[in-house]
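Note: the block below is protein-v4.pdb and it holds PDB, C-alpha atoms, pLDDT in the B column.
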```
ATOM      1  CA  MET A   1      85.778 130.915 106.942  1.00 83.00           C
ATOM      2  CA  ASP A   2      88.857 129.093 108.159  1.00 92.00           C
ATOM      3  CA  ASP A   3      92.036 128.356 106.228  1.00 97.00           C
ATOM      4  CA  ALA A   4      91.772 124.555 106.365  1.00 98.00           C
ATOM      5  CA  PHE A   5      91.611 124.281 102.574  1.00 97.00           C
ATOM      6  CA  ASP A   6      94.044 127.037 101.570  1.00 98.00           C
ATOM      7  CA  ASP A   7      96.835 124.640 100.611  1.00 98.00           C
ATOM      8  CA  LEU A   8      94.487 122.681  98.369  1.00 98.00           C
ATOM      9  CA  LEU A   9      93.098 125.807  96.730  1.00 98.00           C
ATOM     10  CA  ALA A  10      96.639 127.052  96.071  1.00 98.00           C
ATOM     11  CA  ALA A  11      97.479 123.717  94.455  1.00 98.00           C
ATOM     12  CA  ASN A  12      94.303 123.969  92.392  1.00 98.00           C
ATOM     13  CA  ARG A  13      95.303 127.377  91.062  1.00 98.00           C
ATOM     14  CA  GLU A  14      98.644 125.908  89.943  1.00 98.00           C
ATOM     15  CA  TYR A  15      96.811 122.968  88.344  1.00 97.00           C
ATOM     16  CA  ALA A  16      94.448 125.316  86.497  1.00 97.00           C
ATOM     17  CA  GLU A  17      97.396 127.185  84.943  1.00 97.00           C
ATOM     18  CA  THR A  18      98.150 124.171  82.723  1.00 96.00           C
ATOM     19  CA  PHE A  19      94.626 122.724  82.551  1.00 95.00           C
ATOM     20  CA  ASP A  20      93.985 121.414  79.048  1.00 92.00           C
ATOM     21  CA  MET A  21      90.648 119.608  79.176  1.00 92.00           C
ATOM     22  CA  GLN A  22      88.421 122.541  78.221  1.00 91.00           C
ATOM     23  CA  GLY A  23      85.390 121.388  76.264  1.00 91.00           C
ATOM     24  CA  PHE A  24      85.967 117.727  77.111  1.00 89.00           C
ATOM     25  CA  ASP A  25      82.755 115.761  76.551  1.00 92.00           C
ATOM     26  CA  GLY A  26      83.013 113.436  79.591  1.00 91.00           C
ATOM     27  CA  ILE A  27      83.066 110.256  77.511  1.00 95.00           C
ATOM     28  CA  ALA A  28      85.335 107.464  78.786  1.00 96.00           C
ATOM     29  CA  GLN A  29      87.814 107.831  75.907  1.00 96.00           C
ATOM     30  CA  LYS A  30      89.281 104.324  76.409  1.00 98.00           C
ATOM     31  CA  GLY A  31      85.893 102.755  77.178  1.00 98.00           C
ATOM     32  CA  VAL A  32      86.974 101.777  80.683  1.00 98.00           C
ATOM     33  CA  ALA A  33      85.284 101.973  84.076  1.00 98.00           C
ATOM     34  CA  VAL A  34      87.110 101.033  87.271  1.00 98.00           C
ATOM     35  CA  VAL A  35      85.263 100.122  90.459  1.00 98.00           C
ATOM     36  CA  THR A  36      87.730 100.200  93.316  1.00 98.00           C
ATOM     37  CA  CYS A  37      88.353 101.059  96.936  1.00 98.00           C
ATOM     38  CA  MET A  38      88.692 104.556  98.339  1.00 98.00           C
ATOM     39  CA  ASP A  39      92.112 103.642  99.765  1.00 98.00           C
ATOM     40  CA  SER A  40      94.619 106.425  99.056  1.00 97.00           C
ATOM     41  CA  ARG A  41      97.323 103.913  98.094  1.00 98.00           C
ATOM     42  CA  LEU A  42      95.451 103.203  94.852  1.00 98.00           C
ATOM     43  CA  ASP A  43      95.830 105.309  91.720  1.00 98.00           C
ATOM     44  CA  PRO A  44      93.087 103.745  89.589  1.00 98.00           C
ATOM     45  CA  ILE A  45      94.011 105.629  86.433  1.00 97.00           C
ATOM     46  CA  GLY A  46      97.786 105.274  86.734  1.00 97.00           C
ATOM     47  CA  MET A  47      97.701 101.581  87.661  1.00 98.00           C
ATOM     48  CA  ILE A  48      96.344 100.738  84.199  1.00 98.00           C
ATOM     49  CA  GLY A  49      98.364 103.264  82.226  1.00 98.00           C
ATOM     50  CA  LEU A  50      95.569 105.749  81.555  1.00 98.00           C
ATOM     51  CA  LYS A  51      95.154 109.460  82.126  1.00 94.00           C
ATOM     52  CA  PRO A  52      92.221 111.693  83.126  1.00 93.00           C
ATOM     53  CA  GLY A  53      89.405 111.541  80.604  1.00 94.00           C
ATOM     54  CA  GLU A  54      90.056 107.971  79.561  1.00 97.00           C
ATOM     55  CA  ALA A  55      88.137 106.093  82.279  1.00 98.00           C
ATOM     56  CA  LYS A  56      85.253 106.414  84.697  1.00 98.00           C
ATOM     57  CA  ILE A  57      86.384 105.849  88.290  1.00 98.00           C
ATOM     58  CA  LEU A  58      83.939 104.649  90.961  1.00 98.00           C
ATOM     59  CA  ARG A  59      85.292 104.403  94.493  1.00 98.00           C
ATOM     60  CA  ASN A  60      83.901 103.277  97.822  1.00 98.00           C
ATOM     61  CA  PRO A  61      85.068 101.317 100.883  1.00 98.00           C
ATOM     62  CA  GLY A  62      86.203  97.904  99.667  1.00 98.00           C
ATOM     63  CA  GLY A  63      85.547  98.665  95.999  1.00 98.00           C
ATOM     64  CA  ARG A  64      82.109  97.059  96.135  1.00 98.00           C
ATOM     65  CA  VAL A  65      79.536  96.945  93.346  1.00 98.00           C
ATOM     66  CA  THR A  66      76.702  98.564  95.277  1.00 97.00           C
ATOM     67  CA  GLY A  67      73.339  99.692  93.954  1.00 97.00           C
ATOM     68  CA  ARG A  68      74.655 103.205  93.310  1.00 98.00           C
ATOM     69  CA  VAL A  69      77.728 101.812  91.537  1.00 98.00           C
ATOM     70  CA  LEU A  70      75.391  99.833  89.280  1.00 98.00           C
ATOM     71  CA  VAL A  71      73.529 103.064  88.491  1.00 98.00           C
ATOM     72  CA  ALA A  72      76.829 104.698  87.542  1.00 98.00           C
ATOM     73  CA  LEU A  73      77.725 101.718  85.363  1.00 98.00           C
ATOM     74  CA  VAL A  74      74.329 101.819  83.630  1.00 98.00           C
ATOM     75  CA  LEU A  75      75.013 105.471  82.790  1.00 98.00           C
ATOM     76  CA  GLY A  76      78.598 104.727  81.780  1.00 98.00           C
ATOM     77  CA  VAL A  77      77.721 101.815  79.518  1.00 98.00           C
ATOM     78  CA  ASN A  78      74.669 103.375  77.903  1.00 97.00           C
ATOM     79  CA  LEU A  79      75.672 107.027  77.630  1.00 97.00           C
ATOM     80  CA  LEU A  80      79.436 107.344  78.113  1.00 97.00           C
ATOM     81  CA  LYS A  81      80.865 104.561  75.901  1.00 97.00           C
ATOM     82  CA  VAL A  82      82.091 102.248  78.664  1.00 98.00           C
ATOM     83  CA  ASP A  83      82.643  98.746  77.279  1.00 98.00           C
ATOM     84  CA  ARG A  84      85.082  97.306  79.860  1.00 98.00           C
ATOM     85  CA  VAL A  85      84.685  97.234  83.633  1.00 98.00           C
ATOM     86  CA  LEU A  86      87.443  96.377  86.078  1.00 98.00           C
ATOM     87  CA  VAL A  87      86.326  95.557  89.616  1.00 98.00           C
ATOM     88  CA  VAL A  88      89.438  96.008  91.735  1.00 98.00           C
ATOM     89  CA  GLN A  89      89.956  94.967  95.344  1.00 98.00           C
ATOM     90  CA  HIS A  90      93.364  95.323  96.988  1.00 98.00           C
ATOM     91  CA  THR A  91      95.678  93.705  99.468  1.00 98.00           C
ATOM     92  CA  ARG A  92      95.755  94.883 103.085  1.00 97.00           C
ATOM     93  CA  CYS A  93      92.279  96.439 102.777  1.00 98.00           C
ATOM     94  CA  ALA A  94      90.746  97.442 106.106  1.00 96.00           C
ATOM     95  CA  MET A  95      87.336  96.313 104.841  1.00 97.00           C
ATOM     96  CA  ALA A  96      88.677  92.775 104.360  1.00 97.00           C
ATOM     97  CA  SER A  97      91.070  92.722 107.314  1.00 96.00           C
ATOM     98  CA  SER A  98      88.522  93.314 110.060  1.00 95.00           C
ATOM     99  CA  SER A  99      85.098  91.945 110.821  1.00 96.00           C
ATOM    100  CA  GLU A 100      82.027  94.154 110.645  1.00 97.00           C
ATOM    101  CA  GLN A 101      81.935  94.237 114.436  1.00 97.00           C
ATOM    102  CA  GLU A 102      85.632  95.087 114.755  1.00 96.00           C
ATOM    103  CA  LEU A 103      85.205  98.002 112.342  1.00 97.00           C
ATOM    104  CA  LYS A 104      82.150  99.237 114.239  1.00 97.00           C
ATOM    105  CA  ASP A 105      83.946  98.940 117.570  1.00 97.00           C
ATOM    106  CA  SER A 106      86.923 100.913 116.245  1.00 97.00           C
ATOM    107  CA  ILE A 107      84.728 103.695 114.909  1.00 97.00           C
ATOM    108  CA  THR A 108      82.669 103.791 118.101  1.00 97.00           C
ATOM    109  CA  ASP A 109      85.888 104.054 120.145  1.00 97.00           C
ATOM    110  CA  VAL A 110      87.187 106.962 118.044  1.00 98.00           C
ATOM    111  CA  SER A 111      83.909 108.843 117.547  1.00 98.00           C
ATOM    112  CA  GLY A 112      82.239 108.132 120.863  1.00 98.00           C
ATOM    113  CA  GLN A 113      79.046 107.381 118.910  1.00 98.00           C
ATOM    114  CA  ASP A 114      77.163 104.100 118.738  1.00 95.00           C
ATOM    115  CA  ILE A 115      77.136 103.006 115.100  1.00 97.00           C
ATOM    116  CA  THR A 116      75.615  99.550 115.497  1.00 94.00           C
ATOM    117  CA  TRP A 117      72.818 100.645 113.139  1.00 96.00           C
ATOM    118  CA  MET A 118      75.243 101.199 110.241  1.00 96.00           C
ATOM    119  CA  ASP A 119      76.174  98.600 107.632  1.00 95.00           C
ATOM    120  CA  LEU A 120      79.860  99.192 106.903  1.00 96.00           C
ATOM    121  CA  GLY A 121      80.206  96.370 104.399  1.00 95.00           C
ATOM    122  CA  ALA A 122      83.123  94.395 105.818  1.00 97.00           C
ATOM    123  CA  ILE A 123      84.372  91.730 103.433  1.00 98.00           C
ATOM    124  CA  SER A 124      84.636  88.329 105.092  1.00 96.00           C
ATOM    125  CA  ASP A 125      85.601  86.383 101.946  1.00 97.00           C
ATOM    126  CA  PRO A 126      87.416  88.653  99.461  1.00 97.00           C
ATOM    127  CA  GLU A 127      87.576  86.100  96.642  1.00 97.00           C
ATOM    128  CA  ALA A 128      83.873  85.232  96.842  1.00 98.00           C
ATOM    129  CA  THR A 129      82.946  88.897  97.199  1.00 98.00           C
ATOM    130  CA  LEU A 130      84.930  89.825  94.097  1.00 98.00           C
ATOM    131  CA  ALA A 131      83.287  87.034  92.079  1.00 98.00           C
ATOM    132  CA  GLU A 132      79.853  88.116  93.353  1.00 98.00           C
ATOM    133  CA  ASP A 133      80.474  91.751  92.384  1.00 98.00           C
ATOM    134  CA  VAL A 134      81.653  90.800  88.885  1.00 98.00           C
ATOM    135  CA  HIS A 135      78.544  88.631  88.535  1.00 98.00           C
ATOM    136  CA  ARG A 136      76.299  91.561  89.584  1.00 98.00           C
ATOM    137  CA  VAL A 137      77.656  93.622  86.697  1.00 98.00           C
ATOM    138  CA  GLU A 138      77.632  90.759  84.169  1.00 97.00           C
ATOM    139  CA  THR A 139      74.000  89.892  84.890  1.00 97.00           C
ATOM    140  CA  HIS A 140      72.548  93.377  85.202  1.00 98.00           C
ATOM    141  CA  PRO A 141      69.625  93.634  82.735  1.00 97.00           C
ATOM    142  CA  VAL A 142      70.751  96.971  81.296  1.00 96.00           C
ATOM    143  CA  ILE A 143      74.479  96.152  81.195  1.00 96.00           C
ATOM    144  CA  GLY A 144      75.051  92.403  81.012  1.00 87.00           C
ATOM    145  CA  GLY A 145      76.134  90.749  77.794  1.00 92.00           C
ATOM    146  CA  ARG A 146      77.203  94.036  76.200  1.00 93.00           C
ATOM    147  CA  ILE A 147      80.525  94.634  77.932  1.00 97.00           C
ATOM    148  CA  LYS A 148      83.560  92.816  79.298  1.00 98.00           C
ATOM    149  CA  VAL A 149      83.843  92.598  83.096  1.00 98.00           C
ATOM    150  CA  ALA A 150      86.694  91.196  85.185  1.00 98.00           C
ATOM    151  CA  GLY A 151      87.751  91.161  88.826  1.00 98.00           C
ATOM    152  CA  PHE A 152      91.260  91.966  89.985  1.00 98.00           C
ATOM    153  CA  VAL A 153      93.298  92.293  93.157  1.00 98.00           C
ATOM    154  CA  TYR A 154      95.795  95.146  93.307  1.00 98.00           C
ATOM    155  CA  ASP A 155      98.872  94.528  95.447  1.00 98.00           C
ATOM    156  CA  VAL A 156      99.572  97.732  97.397  1.00 98.00           C
ATOM    157  CA  ASP A 157     103.177  96.634  97.965  1.00 98.00           C
ATOM    158  CA  THR A 158     104.132  95.846  94.353  1.00 98.00           C
ATOM    159  CA  GLY A 159     101.677  97.880  92.262  1.00 98.00           C
ATOM    160  CA  LEU A 160     100.657  94.783  90.307  1.00 98.00           C
ATOM    161  CA  LEU A 161      97.126  93.736  89.333  1.00 98.00           C
ATOM    162  CA  GLU A 162      96.183  90.059  89.286  1.00 98.00           C
ATOM    163  CA  ARG A 163      93.021  88.846  87.584  1.00 98.00           C
ATOM    164  CA  LYS A 164      90.920  86.760  89.976  1.00 98.00           C
ATOM    165  CA  ALA A 165      87.423  86.710  88.436  1.00 96.00           C
TER     166      ALA A 165
END
```
Would you mind writing the file's structure down as structure tokens?
Amino acid sequence: MDDAFDDLLAANREYAETFDMQGFDGIAQKGVAVVTCMDSRLDPIGMIGLKPGEAKILRNPGGRVTGRVLVALVLGVNLLKVDRVLVVQHTRCAMASSSEQELKDSITDVSGQDITWMDLGAISDPEATLAEDVHRVETHPVIGGRIKVAGFVYDVDTGLLERKA
């Protein structure tokens, strides 16, 4: 094996020295789920004043409510005490700043592989997409009507959330 992960494993050992979540039941202690982008500028727990164990965090490119995200929300709402869902997009998101074709061209240029067959999920209209994703959660037959759902945009330059849907 190589040493590509040694720094992370060393950090993990330090983390484990003060680890205090033994026996934690996995319930969202504050009843919150956050659907957001995988962008490393976002701290989905910190941005809303929570700490580990208090929220379920679901991340993907663009922070979209996909089929698998809906599955996670069904589990969260029905088994893990989630009663509030924040769908959070953000400013300067690559998924909303480039077209599907531009993203594919960039990846093809870097990888040398043709990825025309992939659906990357570029966001052409962020506001409409956010409203659509909130609606998907609100109207889901196993979730809708039982929880509060809202859509937000996180500003990566100020750290502020603004409700949009």
Please enumerate the residues selected by the PyMOL selection byres ((chain A and resi 42) around 12) when evaluated against the supplied file, formatted as a PDB file with C-alpha atoms, in the frame of the given file.
```pdb
ATOM      1  CA  VAL A  34      87.110 101.033  87.271  1.00 98.00           C
ATOM      2  CA  VAL A  35      85.263 100.122  90.459  1.00 98.00           C
ATOM      3  CA  THR A  36      87.730 100.200  93.316  1.00 98.00           C
ATOM      4  CA  CYS A  37      88.353 101.059  96.936  1.00 98.00           C
ATOM      5  CA  MET A  38      88.692 104.556  98.339  1.00 98.00           C
ATOM      6  CA  ASP A  39      92.112 103.642  99.765  1.00 98.00           C
ATOM      7  CA  SER A  40      94.619 106.425  99.056  1.00 97.00           C
ATOM      8  CA  ARG A  41      97.323 103.913  98.094  1.00 98.00           C
ATOM      9  CA  ASP A  43      95.830 105.309  91.720  1.00 98.00           C
ATOM     10  CA  PRO A  44      93.087 103.745  89.589  1.00 98.00           C
ATOM     11  CA  ILE A  45      94.011 105.629  86.433  1.00 97.00           C
ATOM     12  CA  GLY A  46      97.786 105.274  86.734  1.00 97.00           C
ATOM     13  CA  MET A  47      97.701 101.581  87.661  1.00 98.00           C
ATOM     14  CA  ILE A  48      96.344 100.738  84.199  1.00 98.00           C
ATOM     15  CA  ILE A  57      86.384 105.849  88.290  1.00 98.00           C
ATOM     16  CA  ARG A  59      85.292 104.403  94.493  1.00 98.00           C
ATOM     17  CA  ASN A  60      83.901 103.277  97.822  1.00 98.00           C
ATOM     18  CA  GLY A  62      86.203  97.904  99.667  1.00 98.00           C
ATOM     19  CA  GLY A  63      85.547  98.665  95.999  1.00 98.00           C
ATOM     20  CA  VAL A  88      89.438  96.008  91.735  1.00 98.00           C
ATOM     21  CA  GLN A  89      89.956  94.967  95.344  1.00 98.00           C
ATOM     22  CA  HIS A  90      93.364  95.323  96.988  1.00 98.00           C
ATOM     23  CA  THR A  91      95.678  93.705  99.468  1.00 98.00           C
ATOM     24  CA  ARG A  92      95.755  94.883 103.085  1.00 97.00           C
ATOM     25  CA  CYS A  93      92.279  96.439 102.777  1.00 98.00           C
ATOM     26  CA  VAL A 153      93.298  92.293  93.157  1.00 98.00           C
ATOM     27  CA  TYR A 154      95.795  95.146  93.307  1.00 98.00           C
ATOM     28  CA  ASP A 155      98.872  94.528  95.447  1.00 98.00           C
ATOM     29  CA  VAL A 156      99.572  97.732  97.397  1.00 98.00           C
ATOM     30  CA  ASP A 157     103.177  96.634  97.965  1.00 98.00           C
ATOM     31  CA  THR A 158     104.132  95.846  94.353  1.00 98.00           C
ATOM     32  CA  GLY A 159     101.677  97.880  92.262  1.00 98.00           C
ATOM     33  CA  LEU A 160     100.657  94.783  90.307  1.00 98.00           C
ATOM     34  CA  LEU A 161      97.126  93.736  89.333  1.00 98.00           C
TER      35      LEU A 161
END
```
- Quote the spacing between CA of Phe24 in chain A and CA of Arg146 in chain A in Å to one decimal place. 25.3 Å
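Minimum distance to Ala33 in chain A across A:Pro61, A:Gly67, A:Gly76, A:Pro52 (counting all atoms listed in the file) occurs at A:Gly76.
Minimum distance to Thr66 in chain A across A:Asp114, A:Glu17, A:Glu54, A:Glu132 (counting all atoms listed in the file) occurs at A:Glu132.
In this comparison, which uses only C-alpha atoms, the residue of A:Val69, A:Ile123, A:Ala11, A:Val85 approaching Ala55 in chain A most closely is A:Val85.
If you measure from each of A:Ala94, A:Ala150, A:Leu80, A:Leu73 to Ser106 in chain A using only C-alpha atoms, the closest one turns out to be A:Ala94.
Picture a line from CA of Gly121 in chain A to CA of Pro141 in chain A; it runs 24.3 Å.
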- Task: Taking the file above as input, evaluate the PyMOL selection byres ((chain A and resi 143) around 12) and report the hits as a ChimeraX atom specification.
- Result: /A:70-79,81-85,134-142,144-149
- Message: One number please: CA of Glu102 in chain A to CA of Asp125 in chain A, in Å, one decimal.
- Response: 15.5 Å
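Here the question is which of A:Glu14, A:Asp7, A:Asp25, A:Glu127 gets nearest to Gly151 in chain A using all atoms listed in the file, and that residue is A:Glu127.
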- Message: Between A:Gly53, A:Ser111, A:Phe5, A:Glu162, which residue has the minimum interatomic distance to Asp20 in chain A, considering all atoms listed in the file?
- Response: A:Gly53
Quick one: range 102-113 of chain A with all heavy atoms, as a PDB file, in the coordinates of the input?
```
ATOM      1  N   GLU A 102      84.366  94.432 114.420  1.00 96.00           N
ATOM      2  CA  GLU A 102      85.632  95.087 114.755  1.00 96.00           C
ATOM      3  C   GLU A 102      85.692  96.498 114.179  1.00 96.00           C
ATOM      4  O   GLU A 102      86.139  97.431 114.855  1.00 96.00           O
ATOM      5  CB  GLU A 102      86.809  94.259 114.228  1.00 96.00           C
ATOM      6  CG  GLU A 102      87.023  92.966 114.994  1.00 96.00           C
ATOM      7  CD  GLU A 102      87.993  92.014 114.303  1.00 96.00           C
ATOM      8  OE1 GLU A 102      88.164  92.088 113.059  1.00 96.00           O
ATOM      9  OE2 GLU A 102      88.594  91.187 115.019  1.00 96.00           O
ATOM     10  N   LEU A 103      85.237  96.666 112.944  1.00 97.00           N
ATOM     11  CA  LEU A 103      85.205  98.002 112.342  1.00 97.00           C
ATOM     12  C   LEU A 103      84.278  98.932 113.121  1.00 97.00           C
ATOM     13  O   LEU A 103      84.625 100.079 113.415  1.00 97.00           O
ATOM     14  CB  LEU A 103      84.759  97.923 110.880  1.00 97.00           C
ATOM     15  CG  LEU A 103      85.758  97.331 109.898  1.00 97.00           C
ATOM     16  CD1 LEU A 103      85.095  97.066 108.555  1.00 97.00           C
ATOM     17  CD2 LEU A 103      86.963  98.243 109.734  1.00 97.00           C
ATOM     18  N   LYS A 104      83.109  98.426 113.480  1.00 97.00           N
ATOM     19  CA  LYS A 104      82.150  99.237 114.239  1.00 97.00           C
ATOM     20  C   LYS A 104      82.711  99.612 115.607  1.00 97.00           C
ATOM     21  O   LYS A 104      82.565 100.756 116.042  1.00 97.00           O
ATOM     22  CB  LYS A 104      80.822  98.489 114.392  1.00 97.00           C
ATOM     23  CG  LYS A 104      80.024  98.438 113.115  1.00 97.00           C
ATOM     24  CD  LYS A 104      78.725  97.684 113.313  1.00 97.00           C
ATOM     25  CE  LYS A 104      77.929  97.666 112.016  1.00 97.00           C
ATOM     26  NZ  LYS A 104      76.650  96.982 112.165  1.00 97.00           N
ATOM     27  N   ASP A 105      83.354  98.660 116.258  1.00 97.00           N
ATOM     28  CA  ASP A 105      83.946  98.940 117.570  1.00 97.00           C
ATOM     29  C   ASP A 105      85.026 100.013 117.461  1.00 97.00           C
ATOM     30  O   ASP A 105      85.097 100.918 118.297  1.00 97.00           O
ATOM     31  CB  ASP A 105      84.535  97.666 118.184  1.00 97.00           C
ATOM     32  CG  ASP A 105      83.472  96.661 118.627  1.00 97.00           C
ATOM     33  OD1 ASP A 105      82.280  97.027 118.708  1.00 97.00           O
ATOM     34  OD2 ASP A 105      83.858  95.499 118.873  1.00 97.00           O
ATOM     35  N   SER A 106      85.859  99.918 116.432  1.00 97.00           N
ATOM     36  CA  SER A 106      86.923 100.913 116.245  1.00 97.00           C
ATOM     37  C   SER A 106      86.346 102.308 116.025  1.00 97.00           C
ATOM     38  O   SER A 106      86.826 103.288 116.604  1.00 97.00           O
ATOM     39  CB  SER A 106      87.804 100.536 115.053  1.00 97.00           C
ATOM     40  OG  SER A 106      88.510  99.350 115.324  1.00 97.00           O
ATOM     41  N   ILE A 107      85.336 102.391 115.191  1.00 97.00           N
ATOM     42  CA  ILE A 107      84.728 103.695 114.909  1.00 97.00           C
ATOM     43  C   ILE A 107      84.021 104.237 116.139  1.00 97.00           C
ATOM     44  O   ILE A 107      84.111 105.434 116.446  1.00 97.00           O
ATOM     45  CB  ILE A 107      83.776 103.603 113.698  1.00 97.00           C
ATOM     46  CG1 ILE A 107      84.607 103.319 112.435  1.00 97.00           C
ATOM     47  CG2 ILE A 107      82.956 104.880 113.542  1.00 97.00           C
ATOM     48  CD1 ILE A 107      83.791 102.954 111.226  1.00 97.00           C
ATOM     49  N   THR A 108      83.336 103.367 116.874  1.00 97.00           N
ATOM     50  CA  THR A 108      82.669 103.791 118.101  1.00 97.00           C
ATOM     51  C   THR A 108      83.689 104.310 119.105  1.00 97.00           C
ATOM     52  O   THR A 108      83.474 105.339 119.747  1.00 97.00           O
ATOM     53  CB  THR A 108      81.843 102.637 118.700  1.00 97.00           C
ATOM     54  OG1 THR A 108      80.804 102.297 117.769  1.00 97.00           O
ATOM     55  CG2 THR A 108      81.224 103.015 120.029  1.00 97.00           C
ATOM     56  N   ASP A 109      84.835 103.618 119.224  1.00 97.00           N
ATOM     57  CA  ASP A 109      85.888 104.054 120.145  1.00 97.00           C
ATOM     58  C   ASP A 109      86.410 105.443 119.778  1.00 97.00           C
ATOM     59  O   ASP A 109      86.626 106.284 120.649  1.00 97.00           O
ATOM     60  CB  ASP A 109      87.054 103.056 120.155  1.00 97.00           C
ATOM     61  CG  ASP A 109      86.696 101.742 120.825  1.00 97.00           C
ATOM     62  OD1 ASP A 109      85.649 101.667 121.509  1.00 97.00           O
ATOM     63  OD2 ASP A 109      87.476 100.775 120.658  1.00 97.00           O
ATOM     64  N   VAL A 110      86.633 105.680 118.497  1.00 98.00           N
ATOM     65  CA  VAL A 110      87.187 106.962 118.044  1.00 98.00           C
ATOM     66  C   VAL A 110      86.154 108.081 118.112  1.00 98.00           C
ATOM     67  O   VAL A 110      86.439 109.190 118.565  1.00 98.00           O
ATOM     68  CB  VAL A 110      87.748 106.838 116.607  1.00 98.00           C
ATOM     69  CG1 VAL A 110      88.120 108.198 116.048  1.00 98.00           C
ATOM     70  CG2 VAL A 110      88.953 105.910 116.592  1.00 98.00           C
ATOM     71  N   SER A 111      84.931 107.791 117.660  1.00 98.00           N
ATOM     72  CA  SER A 111      83.909 108.843 117.547  1.00 98.00           C
ATOM     73  C   SER A 111      83.120 109.066 118.829  1.00 98.00           C
ATOM     74  O   SER A 111      82.527 110.131 119.010  1.00 98.00           O
ATOM     75  CB  SER A 111      82.927 108.500 116.424  1.00 98.00           C
ATOM     76  OG  SER A 111      82.100 107.401 116.801  1.00 98.00           O
ATOM     77  N   GLY A 112      83.073 108.039 119.675  1.00 98.00           N
ATOM     78  CA  GLY A 112      82.239 108.132 120.863  1.00 98.00           C
ATOM     79  C   GLY A 112      80.760 107.946 120.557  1.00 98.00           C
ATOM     80  O   GLY A 112      79.915 108.144 121.424  1.00 98.00           O
ATOM     81  N   GLN A 113      80.433 107.566 119.328  1.00 98.00           N
ATOM     82  CA  GLN A 113      79.046 107.381 118.910  1.00 98.00           C
ATOM     83  C   GLN A 113      78.769 105.905 118.643  1.00 98.00           C
ATOM     84  O   GLN A 113      79.605 105.199 118.074  1.00 98.00           O
ATOM     85  CB  GLN A 113      78.769 108.169 117.622  1.00 98.00           C
ATOM     86  CG  GLN A 113      79.002 109.650 117.745  1.00 98.00           C
ATOM     87  CD  GLN A 113      78.007 110.297 118.688  1.00 98.00           C
ATOM     88  OE1 GLN A 113      76.821 110.013 118.626  1.00 98.00           O
ATOM     89  NE2 GLN A 113      78.496 111.145 119.575  1.00 98.00           N
TER      90      GLN A 113
END
```
